[in-house]
Amino acid sequence: MNALPSKLLEPCWGRRQTEQRAWTTIMRCQTKLKLEDITLPVPVEEWIEGPLGIRLGYEDLSHLGDDVLGAAFCEEREIIIDEQVLAHEGRCRFTCAHELGHVIMHGRVRKQFHDTKADVTFSPDRYERQADRFAAAFLMPLPHLERVIVGSFDECQLKRTTCMHELMQVTAESEWLWRYRVLPAITREFTVSLSAAVFRCAEVQPRIRHTKQLLPRRLVKRLLQPAEAQDTVTAVQVVDGRPQYRDLFTDTTEGR
């Protein structure tokens, strides 16, 4: 089993097994293709058909039920994606990776999986949740996720340690970092949707003892909504490499 090569981040409690399965699958592809490093965005469709040896097709899936967007046939090692998903690249990639998760992990549970949601669903079904987590980990590998997050700080000349600590807080500065720096970098580099990026970051935590998840739960729903013009997050400015909330009326830094 390949150990997770992460320095800064690790899966939250109860997520490590799925994370490990996704990473082992990535390493299998990298080894078979003799790659020195993983290319971004992860070529999920090419890898499904190539080194993983799973048939992948696109067709109308309406005959399987209303709103079925993806199907996994575990015994046949076949994945079929509904044609309508092709118009949305991030959604299509996540659907492919989600169905791959079923084939890799759930062949002993069911012969077939029909999924009506192509993005992160927070489904009450444990196998759908596992497939979502597998997809997020496969498309956004942990060591590369670390690199992209830190790179989003460096690109704007922000202080790494300060910003990494700030991400775990429920503050205007944290929301500003997530909304305008970190999440745009993740969606761009990995070619995933905003909801997939948010889901991924809420499932990992820094490698610090007794710590909490990287993305606070209280910010998850907020980050999936557009920022309002009068929101305090719009008043955040960068001062000496550190994001700070600046009062719109007094122009002084609010006490922390």
# chains A, B, ... in the order shown; residues from 1 in each chain; ligands from 1
call {"tool": "residues_around", "arguments": {"residues": "segment 224-228 of chain A", "least_positions_apart": "4", "cutoff": "8 Å", "atoms": "only C-alpha atoms", "output": "VMD selection string"}}
result
chain A and resid 194 to 195 198 220 233
call {"tool": "select_by_dssp", "arguments": {"residues": "segment 1-135 of chain A", "states": "strand (DSSP E or B)", "output": "number ranges by chain"}}
result
A: 9-11, 55-59, 70-73, 78-82, 112-115
call {"tool": "closest_residue", "arguments": {"among": "A:Cys29, A:Phe190, A:Cys96, A:Leu219", "to": "Pro141 of chain A", "atoms": "only C-alpha atoms"}}
result
A:Phe190
call {"tool": "closest_residue", "arguments": {"among": "A:Thr171, A:Ser193, A:Thr116, A:Gln237", "to": "Asp66 of chain A", "atoms": "only C-alpha atoms"}}
result
A:Thr116
call {"tool": "residues_around", "arguments": {"residues": "Gln20 of chain A", "least_positions_apart": "5", "cutoff": "10 Å", "atoms": "only C-alpha atoms", "output": "PyMOL selection string"}}
result
chain A and resi 1-4+11+15+25-26+134+137-138
call {"tool": "write_last_selection", "arguments": {"atoms": "C-alpha atoms", "output": "short mmCIF file (atom, residue, chain, number, x, y, z; two decimals), in the first residue's frame"}}
result
data_model
loop_
_atom_site.label_atom_id
_atom_site.label_comp_id
_atom_site.auth_asym_id
_atom_site.auth_seq_id
_atom_site.Cartn_x
_atom_site.Cartn_y
_atom_site.Cartn_z
CA MET A 1 0.00 0.00 0.00
CA ASN A 2 1.35 3.42 -0.97
CA ALA A 3 1.54 5.81 1.99
CA LEU A 4 -0.10 9.19 1.51
CA PRO A 11 -7.90 13.20 5.70
CA ARG A 15 -11.85 9.31 5.66
CA THR A 25 -5.50 3.97 -7.87
CA ILE A 26 -3.59 7.09 -8.92
CA PHE A 134 -13.14 8.90 -3.75
CA ALA A 137 -9.51 12.58 -3.65
CA PHE A 138 -8.83 11.17 -7.12
#
call {"tool": "residues_around", "arguments": {"residues": "segment 55-57 of chain A", "least_positions_apart": "6", "cutoff": "9 Å", "atoms": "only C-alpha atoms", "output": "short mmCIF file (atom, residue, chain, number, x, y, z; two decimals) with N, CA and C atoms, in the first residue's frame"}}
result
data_model
loop_
_atom_site.label_atom_id
_atom_site.label_comp_id
_atom_site.auth_asym_id
_atom_site.auth_seq_id
_atom_site.Cartn_x
_atom_site.Cartn_y
_atom_site.Cartn_z
N GLU A 45 -10.78 10.51 -17.57
CA GLU A 45 -11.38 9.71 -18.64
C GLU A 45 -10.33 8.84 -19.32
N ILE A 48 -9.32 5.97 -16.91
CA ILE A 48 -10.34 4.93 -16.76
C ILE A 48 -10.22 3.91 -17.89
N GLU A 49 -10.11 4.41 -19.11
CA GLU A 49 -10.06 3.53 -20.28
C GLU A 49 -8.67 2.92 -20.50
N GLU A 76 -19.16 -5.94 -15.01
CA GLU A 76 -18.73 -5.75 -16.40
C GLU A 76 -17.57 -4.77 -16.51
N ARG A 77 -17.26 -4.11 -15.41
CA ARG A 77 -16.23 -3.07 -15.39
C ARG A 77 -16.49 -2.05 -16.49
N GLU A 78 -17.66 -1.44 -16.37
CA GLU A 78 -18.09 -0.47 -17.38
C GLU A 78 -18.74 0.73 -16.70
N ILE A 79 -18.43 1.90 -17.22
CA ILE A 79 -19.02 3.16 -16.74
C ILE A 79 -19.69 3.85 -17.91
N ILE A 80 -20.92 4.30 -17.71
CA ILE A 80 -21.63 5.04 -18.75
C ILE A 80 -22.09 6.37 -18.16
N ILE A 81 -21.81 7.44 -18.88
CA ILE A 81 -22.18 8.79 -18.46
C ILE A 81 -23.24 9.33 -19.42
N ASP A 82 -24.26 9.97 -18.88
CA ASP A 82 -25.30 10.53 -19.74
C ASP A 82 -24.74 11.65 -20.61
N CYS A 96 -17.49 10.95 -13.75
CA CYS A 96 -16.61 9.84 -14.14
C CYS A 96 -15.86 9.29 -12.93
#
call {"tool": "residues_around", "arguments": {"residues": "Leu139 of chain A", "least_positions_apart": "3", "cutoff": "8 Å", "atoms": "only C-alpha atoms", "output": "short mmCIF file (atom, residue, chain, number, x, y, z; two decimals) with N, CA and C atoms, in the first residue's frame"}}
result
data_model
loop_
_atom_site.label_atom_id
_atom_site.label_comp_id
_atom_site.auth_asym_id
_atom_site.auth_seq_id
_atom_site.Cartn_x
_atom_site.Cartn_y
_atom_site.Cartn_z
N PRO A 41 -4.99 19.02 -15.07
CA PRO A 41 -5.91 18.24 -14.24
C PRO A 41 -5.76 16.74 -14.49
N VAL A 42 -6.06 15.95 -13.48
CA VAL A 42 -5.94 14.51 -13.59
C VAL A 42 -6.79 14.03 -14.77
N VAL A 44 -8.89 11.90 -15.90
CA VAL A 44 -9.72 10.81 -15.38
C VAL A 44 -10.29 9.93 -16.47
N PHE A 94 -16.23 14.91 -12.50
CA PHE A 94 -16.58 14.40 -11.18
C PHE A 94 -17.46 13.17 -11.30
N ALA A 97 -15.29 10.19 -12.13
CA ALA A 97 -14.52 9.76 -10.96
C ALA A 97 -15.42 9.12 -9.91
N ALA A 135 -13.99 10.35 -5.50
CA ALA A 135 -13.90 11.24 -6.67
C ALA A 135 -13.11 12.49 -6.33
N ALA A 136 -13.40 13.10 -5.18
CA ALA A 136 -12.71 14.31 -4.78
C ALA A 136 -11.22 14.05 -4.56
N PHE A 190 -7.53 22.05 -11.02
CA PHE A 190 -8.01 20.68 -11.08
C PHE A 190 -9.21 20.50 -12.02
N VAL A 192 -12.45 21.39 -11.61
CA VAL A 192 -13.58 20.87 -10.85
C VAL A 192 -14.54 22.00 -10.56
#
call {"tool": "atom_distance", "arguments": {"atom1": "atom CA of Tyr245 of chain A", "atom2": "atom CA of Glu155 of chain A"}}
result
20.3 Å
call {"tool": "closest_residue", "arguments": {"among": "A:Pro243, A:Gln169, A:Leu100, A:Pro5", "to": "Ile54 of chain A", "atoms": "only C-alpha atoms"}}
result
A:Leu100
call {"tool": "closest_residue", "arguments": {"among": "A:Trp23, A:Ala131, A:Ser152, A:Ser6", "to": "Arg188 of chain A", "atoms": "only C-alpha atoms"}}
result
A:Ser152
